[in-house]
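The structure file start-v5.csv is reproduced below (CSV, C-alpha atoms).
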chain,number,residue,atom,x,y,z
A,794,MET,CA,0.0,0.0,0.0
A,795,THR,CA,1.3,3.5,-0.9
A,796,THR,CA,1.7,6.1,1.8
A,797,PRO,CA,-1.4,8.4,2.0
A,798,LEU,CA,-1.2,11.9,0.8
A,799,LEU,CA,-2.5,13.2,4.2
A,800,SER,CA,-3.1,11.5,7.5
A,801,LEU,CA,-4.1,13.3,10.7
A,802,THR,CA,-5.3,12.6,14.1
A,803,TRP,CA,-7.5,15.1,16.0
A,804,THR,CA,-8.2,15.1,19.7
A,805,ASP,CA,-11.4,16.6,21.0
A,806,HIS,CA,-10.6,19.2,23.7
A,807,VAL,CA,-13.9,18.5,25.5
A,808,THR,CA,-14.0,14.7,25.7
A,809,GLY,CA,-10.5,13.7,24.8
A,810,ARG,CA,-11.9,11.4,22.1
A,811,GLN,CA,-10.0,11.1,18.8
A,812,GLY,CA,-11.1,11.6,15.2
A,813,PHE,CA,-9.1,10.8,12.0
A,814,LEU,CA,-8.9,11.9,8.4
A,815,VAL,CA,-6.9,10.1,5.8
A,816,VAL,CA,-6.7,11.3,2.2
A,817,ASP,CA,-5.2,8.5,0.1
A,818,ARG,CA,-4.9,10.6,-3.0
A,819,LEU,CA,-6.6,13.4,-4.9
A,820,VAL,CA,-7.9,13.3,-8.5
A,821,ARG,CA,-8.5,16.8,-10.0
A,822,GLY,CA,-7.8,18.1,-6.6
A,823,VAL,CA,-10.6,16.3,-4.8
A,824,SER,CA,-11.2,13.1,-2.8
A,825,SER,CA,-14.2,11.1,-1.8
A,826,GLY,CA,-14.9,9.1,1.3
A,827,GLY,CA,-17.5,8.8,4.1
A,828,LEU,CA,-17.3,9.6,7.8
A,829,ARG,CA,-17.9,6.8,10.3
A,830,MET,CA,-18.4,6.9,14.0
A,831,ARG,CA,-17.9,3.9,16.2
A,832,GLU,CA,-16.3,3.0,19.5
A,833,GLY,CA,-12.8,1.8,18.9
A,834,CYS,CA,-12.3,3.4,15.5
A,835,THR,CA,-8.5,3.7,14.7
A,836,LEU,CA,-6.2,5.6,12.3
A,837,GLU,CA,-5.2,2.2,10.8
A,838,GLU,CA,-8.8,1.4,10.1
A,839,VAL,CA,-9.4,4.7,8.4
A,840,THR,CA,-6.2,4.4,6.4
A,841,GLY,CA,-7.3,1.1,5.0
A,842,LEU,CA,-10.8,2.5,4.2
A,843,ALA,CA,-9.3,5.5,2.4
A,844,ARG,CA,-7.2,3.2,0.2
A,845,GLY,CA,-10.3,1.2,-0.5
A,846,MET,CA,-12.1,4.4,-1.6
A,847,THR,CA,-9.4,5.1,-4.2
A,848,MET,CA,-10.0,1.7,-5.7
A,849,LYS,CA,-13.8,2.0,-5.6
A,850,GLU,CA,-13.6,5.2,-7.5
A,851,ALA,CA,-11.3,3.7,-10.1
A,852,LEU,CA,-13.5,0.6,-10.5
A,853,HIS,CA,-16.4,2.7,-11.5
A,854,TYR,CA,-14.5,4.8,-14.1
A,855,ASN,CA,-16.4,4.9,-17.4
A,856,PRO,CA,-14.7,7.0,-20.1
A,857,GLN,CA,-18.1,7.6,-21.7
A,858,GLY,CA,-19.8,8.7,-18.5
A,859,ARG,CA,-20.0,12.2,-17.0
A,860,TYR,CA,-18.9,11.1,-13.6
A,861,VAL,CA,-15.2,11.4,-13.3
A,862,PRO,CA,-13.7,9.4,-10.4
A,863,LEU,CA,-12.2,11.3,-7.5
A,864,GLY,CA,-9.4,10.3,-5.1
A,865,GLY,CA,-10.0,8.2,-2.1
A,866,ALA,CA,-10.4,9.4,1.5
A,867,LYS,CA,-12.1,8.5,4.8
A,868,GLY,CA,-12.9,10.0,8.1
A,869,GLY,CA,-13.5,8.3,11.5
A,870,ILE,CA,-14.5,9.2,15.0
A,871,ASP,CA,-13.8,7.0,18.0
A,872,CYS,CA,-17.1,7.2,19.8
A,873,ASP,CA,-20.3,5.1,20.1
A,874,PRO,CA,-22.9,7.0,18.0
A,875,ARG,CA,-25.5,6.3,20.8
A,876,ASP,CA,-23.4,8.3,23.3
A,877,PRO,CA,-25.4,11.4,24.3
A,878,ALA,CA,-22.2,13.4,23.6
A,879,ALA,CA,-21.8,12.0,20.1
A,880,TYR,CA,-23.6,14.7,18.1
A,881,ALA,CA,-21.7,17.6,19.7
A,882,LEU,CA,-18.5,15.7,19.1
A,883,LEU,CA,-19.4,15.2,15.5
A,884,VAL,CA,-20.0,19.0,15.1
A,885,ARG,CA,-16.7,19.8,16.7
A,886,PHE,CA,-14.9,17.3,14.4
A,887,LEU,CA,-16.4,18.8,11.3
A,888,ARG,CA,-15.6,22.3,12.5
A,889,ALA,CA,-12.0,21.2,12.9
A,890,MET,CA,-12.0,19.5,9.5
A,891,ARG,CA,-13.8,22.5,7.8
A,892,PRO,CA,-10.7,23.6,5.7
A,893,TYR,CA,-10.3,20.1,4.3
A,894,VAL,CA,-14.1,19.7,3.5
A,895,GLU,CA,-14.1,23.1,1.9
A,896,SER,CA,-11.0,22.4,-0.2
A,897,PHE,CA,-10.7,18.7,-1.1
A,898,TRP,CA,-12.5,16.1,1.1
A,899,THR,CA,-16.1,15.2,0.1
A,900,THR,CA,-17.8,13.1,2.7
A,901,GLY,CA,-21.1,11.7,3.8
A,902,GLU,CA,-22.7,9.0,5.9
A,903,ASP,CA,-21.0,5.8,6.9
A,904,LEU,CA,-21.1,3.4,9.8
A,905,GLY,CA,-22.9,4.9,12.8
A,906,LEU,CA,-24.0,8.1,11.0
A,907,THR,CA,-26.9,8.9,8.7
A,908,GLN,CA,-26.7,11.5,5.9
A,909,ASP,CA,-29.3,13.6,7.7
A,910,LEU,CA,-27.2,13.8,10.8
A,911,VAL,CA,-24.0,14.6,8.8
A,912,ASP,CA,-25.8,17.3,6.9
A,913,ARG,CA,-27.2,18.9,10.1
A,914,ALA,CA,-23.8,18.7,11.8
A,915,ALA,CA,-22.1,20.1,8.8
A,916,ALA,CA,-24.4,23.1,8.7
A,917,GLU,CA,-23.8,23.7,12.4
A,918,ALA,CA,-20.1,23.5,11.8
A,919,GLY,CA,-20.4,26.3,9.2
A,920,LEU,CA,-20.1,24.2,6.0
A,921,VAL,CA,-22.2,24.8,2.9
A,922,SER,CA,-22.3,21.1,2.3
A,923,SER,CA,-20.3,17.9,3.1
A,924,ILE,CA,-19.5,17.6,-0.6
A,925,GLN,CA,-18.9,21.2,-1.4
A,926,ALA,CA,-15.3,20.5,-2.6
A,927,VAL,CA,-16.6,18.8,-5.7
A,928,TYR,CA,-18.8,21.8,-6.8
A,929,PRO,CA,-16.0,23.5,-8.8
A,930,LEU,CA,-15.9,20.4,-11.0
A,931,LEU,CA,-19.5,20.6,-12.0
A,932,ASP,CA,-20.7,22.0,-15.3
A,933,ASP,CA,-23.8,23.4,-13.8
A,934,GLU,CA,-23.6,23.5,-10.0
A,935,LYS,CA,-27.1,24.7,-9.4
A,936,ALA,CA,-28.7,22.1,-11.5
A,937,ALA,CA,-26.5,19.3,-10.1
A,938,ARG,CA,-27.2,20.2,-6.5
A,939,LYS,CA,-30.9,20.3,-7.2
A,940,ARG,CA,-30.7,16.9,-8.9
A,941,LEU,CA,-29.0,15.4,-5.9
A,942,ALA,CA,-31.3,17.0,-3.4
A,943,ASP,CA,-34.3,15.8,-5.5
A,944,ALA,CA,-32.8,12.3,-5.5
A,945,PHE,CA,-32.4,12.3,-1.7
A,946,ALA,CA,-36.1,13.3,-1.4
A,947,VAL,CA,-37.2,10.2,-3.4
A,948,GLU,CA,-38.7,7.4,-1.3
A,949,VAL,CA,-39.7,3.8,-2.2
A,950,ASP,CA,-42.1,2.1,0.1
A,951,GLY,CA,-41.3,4.7,2.8
A,952,ILE,CA,-37.5,4.3,2.6
A,953,GLY,CA,-35.2,6.9,1.1
A,954,LEU,CA,-33.6,6.1,-2.3
A,955,ASP,CA,-30.2,7.0,-0.8
A,956,GLU,CA,-30.7,4.1,1.7
A,957,LEU,CA,-31.7,1.6,-1.0
A,958,VAL,CA,-29.2,2.0,-3.8
A,959,GLY,CA,-26.3,0.5,-1.7
A,960,GLY,CA,-28.3,-2.6,-0.9
A,961,CYS,CA,-29.4,-2.8,-4.5
A,962,GLY,CA,-25.7,-3.0,-5.4
A,963,VAL,CA,-24.9,-5.7,-2.8
A,964,ALA,CA,-27.9,-7.7,-3.8
A,965,GLU,CA,-26.9,-7.6,-7.5
A,966,SER,CA,-23.4,-8.8,-6.5
A,967,VAL,CA,-25.0,-11.8,-4.8
A,968,LEU,CA,-27.3,-12.5,-7.8
A,969,THR,CA,-24.4,-12.2,-10.3
A,970,ALA,CA,-22.4,-14.8,-8.3
A,971,LEU,CA,-25.4,-17.1,-8.2
A,972,ASP,CA,-26.0,-16.8,-11.9
A,973,ARG,CA,-22.4,-17.6,-12.7
A,974,ALA,CA,-22.5,-20.7,-10.5
A,975,GLY,CA,-25.9,-21.8,-11.9
A,976,VAL,CA,-27.6,-21.6,-8.5
A,977,PRO,CA,-31.3,-20.8,-8.6
A,978,TYR,CA,-32.5,-17.9,-6.4
A,979,ALA,CA,-35.4,-19.9,-5.0
A,980,GLY,CA,-34.1,-22.0,-2.1
A,981,THR,CA,-30.9,-20.0,-1.6
A,982,ARG,CA,-30.7,-19.0,2.0
A,983,VAL,CA,-29.1,-15.8,3.3
A,984,ALA,CA,-27.9,-14.6,6.7
A,985,VAL,CA,-27.3,-10.9,7.2
A,986,GLN,CA,-25.3,-9.3,10.0
A,987,GLY,CA,-26.6,-5.8,10.6
A,988,LEU,CA,-30.1,-4.4,9.6
A,989,GLY,CA,-29.1,-0.8,9.2
A,990,THR,CA,-29.0,1.2,6.0
A,991,MET,CA,-26.9,-1.3,4.0
A,992,GLY,CA,-28.0,-4.6,5.6
A,993,GLY,CA,-31.7,-3.7,5.6
A,994,ALA,CA,-31.8,-2.7,1.9
A,995,THR,CA,-29.7,-5.8,1.0
A,996,ALA,CA,-32.2,-8.1,2.8
A,997,ARG,CA,-35.1,-6.4,1.1
A,998,PHE,CA,-33.7,-6.7,-2.4
A,999,LEU,CA,-32.6,-10.3,-2.0
A,1000,ALA,CA,-36.0,-11.3,-0.5
A,1001,ARG,CA,-37.8,-9.7,-3.4
A,1002,ALA,CA,-35.5,-11.6,-5.8
A,1003,GLY,CA,-36.8,-14.9,-4.3
A,1004,LEU,CA,-34.0,-15.7,-1.8
A,1005,THR,CA,-34.9,-16.7,1.7
A,1006,ILE,CA,-33.5,-14.6,4.6
A,1007,VAL,CA,-33.1,-17.1,7.4
A,1008,ALA,CA,-31.1,-14.9,9.9
A,1009,VAL,CA,-30.5,-11.3,10.7
A,1010,ALA,CA,-28.3,-9.9,13.5
A,1011,ASP,CA,-28.4,-6.6,15.3
A,1012,VAL,CA,-27.0,-5.3,18.6
A,1013,LYS,CA,-29.5,-7.3,20.6
A,1014,GLY,CA,-28.7,-10.7,19.0
A,1015,THR,CA,-29.6,-12.8,16.0
A,1016,ILE,CA,-33.2,-13.4,14.8
A,1017,ALA,CA,-33.5,-16.7,12.9
A,1018,ASN,CA,-36.1,-18.8,11.2
A,1019,PRO,CA,-35.1,-21.7,8.9
A,1020,GLU,CA,-38.4,-21.2,7.0
A,1021,GLY,CA,-37.6,-17.6,6.3
A,1022,LEU,CA,-38.1,-14.3,8.2
A,1023,ASP,CA,-40.6,-11.6,7.4
A,1024,VAL,CA,-38.1,-9.1,6.1
A,1025,GLU,CA,-40.6,-6.3,5.6
A,1026,ALA,CA,-41.9,-6.6,9.1
A,1027,LEU,CA,-38.4,-6.5,10.6
A,1028,LEU,CA,-37.5,-3.4,8.5
A,1029,ALA,CA,-40.6,-1.6,9.6
A,1030,ALA,CA,-39.8,-2.3,13.3
A,1031,ARG,CA,-36.2,-1.0,13.2
A,1032,ASP,CA,-35.0,2.0,15.1
A,1033,ALA,CA,-32.5,4.6,13.6
A,1034,PHE,CA,-29.6,2.3,14.4
A,1035,GLY,CA,-31.1,-0.8,12.8
A,1036,THR,CA,-32.2,-2.5,16.0
A,1037,VAL,CA,-35.4,-4.5,15.6
A,1038,ASP,CA,-38.3,-4.3,18.1
A,1039,ARG,CA,-38.7,-8.0,19.1
A,1040,ALA,CA,-42.5,-7.5,19.6
A,1041,VAL,CA,-42.9,-8.1,15.9
A,1042,LEU,CA,-41.4,-11.5,15.9
A,1043,ARG,CA,-43.6,-14.4,14.8
A,1044,PRO,CA,-44.0,-17.8,16.7
A,1045,GLY,CA,-41.4,-19.5,14.4
A,1046,ASP,CA,-38.8,-16.8,14.8
A,1047,ARG,CA,-36.0,-17.6,17.3
A,1048,GLU,CA,-33.8,-15.3,19.3
A,1049,LEU,CA,-30.2,-16.5,19.3
A,1050,PRO,CA,-26.8,-15.0,20.5
A,1051,GLY,CA,-25.4,-12.1,18.5
A,1052,ASP,CA,-22.8,-14.2,16.7
A,1053,ALA,CA,-25.2,-17.0,15.7
A,1054,TRP,CA,-25.5,-15.5,12.2
A,1055,LEU,CA,-22.0,-16.8,11.4
A,1056,SER,CA,-23.0,-20.5,11.7
A,1057,ALA,CA,-26.5,-20.0,10.1
A,1058,ASP,CA,-27.5,-22.8,7.7
A,1059,ALA,CA,-27.2,-20.6,4.6
A,1060,GLU,CA,-25.5,-20.4,1.3
A,1061,VAL,CA,-24.8,-16.7,1.5
A,1062,LEU,CA,-23.5,-14.6,4.5
A,1063,VAL,CA,-23.7,-10.9,4.3
A,1064,PRO,CA,-21.7,-9.1,7.0
A,1065,ALA,CA,-23.2,-5.6,6.8
A,1066,ALA,CA,-22.3,-4.1,10.1
A,1067,VAL,CA,-18.8,-3.6,11.4
A,1068,SER,CA,-15.2,-4.1,10.3
A,1069,TYR,CA,-13.2,-7.1,11.3
A,1070,ALA,CA,-16.3,-9.2,12.1
A,1071,ILE,CA,-14.8,-12.5,10.7
A,1072,ASP,CA,-11.4,-13.6,12.0
A,1073,ALA,CA,-9.2,-16.6,11.8
A,1074,ALA,CA,-10.9,-18.2,14.7
A,1075,ASN,CA,-14.6,-17.7,14.0
A,1076,GLN,CA,-14.4,-18.3,10.3
A,1077,GLU,CA,-14.4,-22.0,11.2
A,1078,ARG,CA,-18.1,-21.7,12.0
A,1079,ILE,CA,-19.0,-20.6,8.5
A,1080,THR,CA,-20.6,-23.2,6.3
A,1081,ALA,CA,-21.9,-20.8,3.6
A,1082,ARG,CA,-20.5,-20.9,0.1
A,1083,TRP,CA,-20.3,-17.1,-0.3
A,1084,VAL,CA,-19.4,-14.3,2.1
A,1085,VAL,CA,-20.5,-11.0,0.6
A,1086,GLU,CA,-18.9,-7.9,2.2
A,1087,ALA,CA,-21.5,-5.3,2.5
A,1088,ALA,CA,-19.6,-3.7,5.4
A,1089,ASN,CA,-16.1,-2.2,5.0
A,1090,MET,CA,-13.3,-4.7,5.8
A,1091,PRO,CA,-15.5,-7.2,7.7
A,1092,VAL,CA,-13.2,-10.2,6.9
A,1093,LEU,CA,-9.6,-10.2,8.1
A,1094,PRO,CA,-7.0,-11.3,5.6
A,1095,ALA,CA,-6.0,-14.4,7.6
A,1096,ALA,CA,-9.7,-15.4,7.7
A,1097,GLU,CA,-10.1,-14.9,4.0
A,1098,ALA,CA,-7.2,-17.2,3.2
A,1099,LEU,CA,-8.6,-19.9,5.5
A,1100,LEU,CA,-12.1,-19.5,3.9
A,1101,ALA,CA,-10.6,-19.8,0.4
A,1102,ALA,CA,-8.9,-23.0,1.4
A,1103,ARG,CA,-12.3,-24.3,2.3
A,1104,ALA,CA,-13.8,-23.2,-1.0
A,1105,VAL,CA,-15.7,-20.3,0.5
A,1106,THR,CA,-15.7,-17.3,-1.8
A,1107,VAL,CA,-15.4,-13.8,-0.4
A,1108,LEU,CA,-16.9,-11.1,-2.6
A,1109,PRO,CA,-14.9,-8.0,-1.5
A,1110,ASP,CA,-16.2,-4.8,-0.1
A,1111,VAL,CA,-14.2,-2.7,-2.6
A,1112,VAL,CA,-16.7,-3.9,-5.3
A,1113,VAL,CA,-19.8,-5.1,-3.4
A,1114,ASN,CA,-20.6,-2.0,-1.4
A,1115,SER,CA,-19.4,0.6,-4.0
A,1116,GLY,CA,-22.9,1.3,-5.3
A,1117,THR,CA,-23.8,4.0,-2.8
A,1118,ASN,CA,-20.7,6.1,-3.5
A,1119,ALA,CA,-21.1,5.7,-7.3
A,1120,TRP,CA,-24.8,6.6,-7.1
A,1121,TRP,CA,-24.0,10.0,-5.4
A,1122,TRP,CA,-21.7,10.9,-8.3
A,1123,TRP,CA,-23.8,9.4,-11.1
A,1124,THR,CA,-26.6,11.6,-9.9
A,1125,LEU,CA,-24.6,14.8,-9.1
A,1126,PHE,CA,-22.7,14.7,-12.4
A,1127,GLY,CA,-25.8,13.9,-14.4
A,1128,ASP,CA,-25.4,10.3,-15.6
A,1129,ILE,CA,-28.8,9.6,-14.1
A,1130,GLY,CA,-31.7,11.7,-12.8
A,1131,ALA,CA,-33.6,11.8,-9.5
A,1132,ASP,CA,-35.6,8.7,-10.3
A,1133,ALA,CA,-35.7,5.4,-8.4
A,1134,ASP,CA,-36.2,3.1,-11.4
A,1135,GLU,CA,-33.4,4.8,-13.3
A,1136,ALA,CA,-31.1,4.6,-10.2
A,1137,PHE,CA,-31.8,0.9,-9.7
A,1138,THR,CA,-31.4,0.1,-13.4
A,1139,HIS,CA,-28.1,1.9,-13.6
A,1140,THR,CA,-26.9,0.4,-10.3
A,1141,ARG,CA,-27.8,-3.1,-11.3
A,1142,ARG,CA,-26.2,-2.8,-14.8
A,1143,SER,CA,-23.0,-1.3,-13.5
A,1144,MET,CA,-22.6,-3.7,-10.5
A,1145,ARG,CA,-23.4,-6.8,-12.5
A,1146,ALA,CA,-20.8,-5.8,-15.1
A,1147,LEU,CA,-18.2,-5.1,-12.5
A,1148,VAL,CA,-18.8,-8.3,-10.4
A,1149,ASP,CA,-18.9,-10.4,-13.6
A,1150,GLN,CA,-15.6,-8.9,-14.7
A,1151,MET,CA,-14.0,-9.5,-11.3
A,1152,LEU,CA,-15.1,-13.1,-11.0
A,1153,ALA,CA,-14.0,-13.8,-14.6
A,1154,ARG,CA,-10.6,-12.3,-14.0
A,1155,ALA,CA,-10.2,-14.3,-10.7
A,1156,GLU,CA,-10.9,-17.5,-12.6
A,1157,THR,CA,-8.5,-16.5,-15.4
A,1158,ASP,CA,-5.7,-15.4,-13.1
A,1159,GLY,CA,-6.3,-18.1,-10.5
A,1160,THR,CA,-6.6,-15.6,-7.8
A,1161,SER,CA,-9.2,-14.5,-5.3
A,1162,PRO,CA,-12.0,-12.0,-6.2
A,1163,ARG,CA,-10.3,-9.4,-4.0
A,1164,ALA,CA,-7.0,-9.8,-5.9
A,1165,ALA,CA,-8.9,-9.6,-9.2
A,1166,ALA,CA,-10.7,-6.4,-8.1
A,1167,HIS,CA,-7.4,-4.8,-7.0
A,1168,ALA,CA,-5.8,-5.8,-10.4
A,1169,ILE,CA,-8.7,-4.2,-12.3
A,1170,ALA,CA,-8.4,-1.0,-10.2
A,1171,ALA,CA,-4.6,-1.0,-10.7
A,1172,ASP,CA,-5.2,-1.2,-14.5
A,1173,ARG,CA,-7.5,1.8,-14.4
A,1174,LEU,CA,-5.6,4.1,-12.0
A,1175,PRO,CA,-2.8,5.0,-14.5
A,1176,VAL,CA,-5.4,5.8,-17.1
A,1177,ILE,CA,-7.2,8.1,-14.7
A,1178,ALA,CA,-3.9,9.7,-13.7
A,1179,GLU,CA,-2.8,10.3,-17.2
A,1180,ARG,CA,-6.1,11.8,-18.2
A,1181,PHE,CA,-6.9,13.9,-15.1
A,1182,GLY,CA,-3.8,13.9,-12.9
A,1183,TRP,CA,-3.6,13.2,-9.2
A,1184,TYR,CA,-1.5,13.8,-6.1
A,1185,ARG,CA,-0.4,10.9,-4.0
The structure in this file should be written as structure tokens.
Amino acid sequence: MTTPLLSLTWTDHVTGRQGFLVVDRLVRGVSSGGLRMREGCTLEEVTGLARGMTMKEALHYNPQGRYVPLGGAKGGIDCDPRDPAAYALLVRFLRAMRPYVESFWTTGEDLGLTQDLVDRAAAEAGLVSSIQAVYPLLDDEKAARKRLADAFAVEVDGIGLDELVGGCGVAESVLTALDRAGVPYAGTRVAVQGLGTMGGATARFLARAGLTIVAVADVKGTIANPEGLDVEALLAARDAFGTVDRAVLRPGDRELPGDAWLSADAEVLVPAAVSYAIDAANQERITARWVVEAANMPVLPAAEALLAARAVTVLPDVVVNSGTNAWWWWTLFGDIGADADEAFTHTRRSMRALVDQMLARAETDGTSPRAAAHAIAADRLPVIAERFGWYR
């Protein structure tokens, strides 16, 4: 991994808690990467995520598109988002990061934070927008900002489009892998860790495609039913942090320990909550054929190697969960409009092509899907650098 362009640690003068910003590189003077808040967040974690964002941006490069990839970056705050002091801490962090957000770091929601909360805190910190650094690159800033605002106002079945597109991309990654393996959707069982923005939307799209969601996990534990869970009922009973009200559970639904999703009798596991969820020890419990990384860095490298030795395929986060970031820029730059059907169609087409290319290259090269994704990004980065320039 190359040394990041910028890496900084901030210490809050009120609580003593730390926040981090890592800019892996800039393209056309700008970088892209969300801001997460979780207890135990580290600079090392944020550095890895920033590098991943550089690759995600490169993987979605389309010379015929209006969206031009940006550099990769990431922000993180070491705090439980449920802490009563969390919001004030977020505001102080963004106020401290204001020069970077104004100049070259575009950011938004990530683990522990919603876009509404980021927007509110950004305004209180004196920022025009959390993505204002990209505005100078737009052909028509006013029209672009309206298009994105209109897209964020779109709801499908009471859920915001911005919450759904990422899950749509994860689900399409799963479906592409099943199609390549000749596995029918009906009868394919799925366990999901995390029922927040990404996990909830993924469960919804997979259930509607005909797969059976047999387990979901939140902070209270795992909810399981071998006959299939009522995904819509669970989604409707979530709080803002993705925790399900157990009052909606049906007689056949079982409450199990929090890590029971790992050993669920399922073909597909979707870790969609936290980083480093699967390690060299607990990977032994996995019997699924695919692990699909909806969260950022949920599978540790040692665990991935052991899973591969057992013929368990890990579909990497750098591809699988890249749909949300790409949707922001497809919309802002004008590749798509503020329309749900158009967004889902574009996301499905782009994700299917990317996952198919990754899996085909992995087979050809005899490598893992992650190595194949990195190779594809590595092929594209020099092209982007030559055409647009960057700073590393």
*Counting only C-alpha atoms, what is within 9 Å of stretch 1042-1051 of chain A, bar same-chain residues fewer than 5 positions away, as a VMD selection string?*
chain A and resid 986 1010 to 1023 1026 to 1027
_If we count only C-alpha atoms and set the cut-off at 12 Å, which residues sit around A:Ala926, ignoring sequence neighbours fewer than 3 positions away in its own chain? Please answer as a list in words._
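Surrounding residues, per the criterion: Leu819, Val820, Arg821, Gly822, Val823, Ser824, Ser825, Leu863, Arg891, Pro892, Tyr893, Val894, Glu895, Ser896, Phe897, Trp898, Thr899, Thr900, Leu920, Val921, Ser922, Ser923, Pro929, Leu930, Leu931 and Glu934 of chain A.
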_Separation of atom CA of A:Ala1053 from atom CA of A:Ala1087, in Å and rounded to one decimal_ =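 Between atom CA of A:Ala1053 and atom CA of A:Ala1087 the gap is 18.0 Å.
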*For A:Ala970, please output as JSON, numbers by chain all residues within 10 Å (counting only C-alpha atoms; exclusion window: fewer than 5 positions along the same chain).*
{"A": [965, 975, 976, 1083, 1085, 1106, 1108, 1145, 1148, 1149, 1152]}
_Counting all atoms listed in the file, the option among A:Arg1082, A:Leu968, A:Arg938, A:Gly845 closest to A:Val1111_ =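 Of A:Arg1082, A:Leu968, A:Arg938, A:Gly845, the one nearest A:Val1111, counting all atoms listed in the file, is A:Gly845.
For A:Gly833, the non-local neighbours within 12 Å, defined as residues at least 6 positions apart in the same chain or in other chains and counting only C-alpha atoms, are Arg810, Gln811, Gly812, Phe813, Val839, Gly869, Ile870, Asp871, Cys872, Asp873, Pro874, Val1067, Ser1068 and Tyr1069 of chain A.
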*asked:* With distances taken over all atoms listed in the file, which residue among A:Ala937, A:Val1105, A:Val1176, A:Val1037 lies nearest A:Ile1129?
replied: A:Ala937
*Any idea what's packed within 10 Å of A:Leu801, counting only C-alpha atoms, ignoring anything in its chain fewer than 3 positions away? Could you give it as an MDAnalysis selection string?*
chainID A and resid 812:816 836 868
*Residue nearest A:Glu850 among A:Trp1122, A:Phe1137, A:Phe886, A:Phe1181 (counting only C-alpha atoms)*: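 Looking only at the distances to A:Glu850, the closest residue turns out to be A:Trp1122.
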Could stretch 900-913 of chain A be completed with N, CA and C atoms and returned as a PDB file, in the coordinates of the input?
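Heads up, here's the output in part-v9.pdb:
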ATOM      1  N   THR A 900     -17.460  14.193   1.775  1.00  0.00           N
ATOM      2  CA  THR A 900     -17.800  13.100   2.700  1.00  0.00           C
ATOM      3  C   THR A 900     -19.296  12.977   2.860  1.00  0.00           C
ATOM      4  N   GLY A 901     -19.697  11.979   3.611  1.00  0.00           N
ATOM      5  CA  GLY A 901     -21.100  11.700   3.800  1.00  0.00           C
ATOM      6  C   GLY A 901     -21.264  10.595   4.847  1.00  0.00           C
ATOM      7  N   GLU A 902     -22.438  10.016   4.894  1.00  0.00           N
ATOM      8  CA  GLU A 902     -22.700   9.000   5.900  1.00  0.00           C
ATOM      9  C   GLU A 902     -21.888   7.758   5.739  1.00  0.00           C
ATOM     10  N   ASP A 903     -21.649   7.118   6.856  1.00  0.00           N
ATOM     11  CA  ASP A 903     -21.000   5.800   6.900  1.00  0.00           C
ATOM     12  C   ASP A 903     -21.452   5.149   8.177  1.00  0.00           C
ATOM     13  N   LEU A 904     -20.761   4.126   8.587  1.00  0.00           N
ATOM     14  CA  LEU A 904     -21.100   3.400   9.800  1.00  0.00           C
ATOM     15  C   LEU A 904     -21.396   4.270  10.965  1.00  0.00           C
ATOM     16  N   GLY A 905     -22.581   4.151  11.559  1.00  0.00           N
ATOM     17  CA  GLY A 905     -22.900   4.900  12.800  1.00  0.00           C
ATOM     18  C   GLY A 905     -23.538   6.257  12.523  1.00  0.00           C
ATOM     19  N   LEU A 906     -23.501   6.745  11.283  1.00  0.00           N
ATOM     20  CA  LEU A 906     -24.000   8.100  11.000  1.00  0.00           C
ATOM     21  C   LEU A 906     -24.955   8.020   9.774  1.00  0.00           C
ATOM     22  N   THR A 907     -26.047   8.781   9.839  1.00  0.00           N
ATOM     23  CA  THR A 907     -26.900   8.900   8.700  1.00  0.00           C
ATOM     24  C   THR A 907     -26.597  10.209   7.950  1.00  0.00           C
ATOM     25  N   GLN A 908     -27.021  10.288   6.696  1.00  0.00           N
ATOM     26  CA  GLN A 908     -26.700  11.500   5.900  1.00  0.00           C
ATOM     27  C   GLN A 908     -27.443  12.711   6.524  1.00  0.00           C
ATOM     28  N   ASP A 909     -28.635  12.538   7.042  1.00  0.00           N
ATOM     29  CA  ASP A 909     -29.300  13.600   7.700  1.00  0.00           C
ATOM     30  C   ASP A 909     -28.542  14.220   8.841  1.00  0.00           C
ATOM     31  N   LEU A 910     -27.949  13.322   9.623  1.00  0.00           N
ATOM     32  CA  LEU A 910     -27.200  13.800  10.800  1.00  0.00           C
ATOM     33  C   LEU A 910     -25.898  14.469  10.330  1.00  0.00           C
ATOM     34  N   VAL A 911     -25.235  13.925   9.317  1.00  0.00           N
ATOM     35  CA  VAL A 911     -24.000  14.600   8.800  1.00  0.00           C
ATOM     36  C   VAL A 911     -24.363  15.946   8.238  1.00  0.00           C
ATOM     37  N   ASP A 912     -25.448  16.047   7.494  1.00  0.00           N
ATOM     38  CA  ASP A 912     -25.800  17.300   6.900  1.00  0.00           C
ATOM     39  C   ASP A 912     -26.142  18.368   8.003  1.00  0.00           C
ATOM     40  N   ARG A 913     -26.852  17.938   9.040  1.00  0.00           N
ATOM     41  CA  ARG A 913     -27.200  18.900  10.100  1.00  0.00           C
ATOM     42  C   ARG A 913     -25.945  19.325  10.862  1.00  0.00           C
TER      43      ARG A 913
END
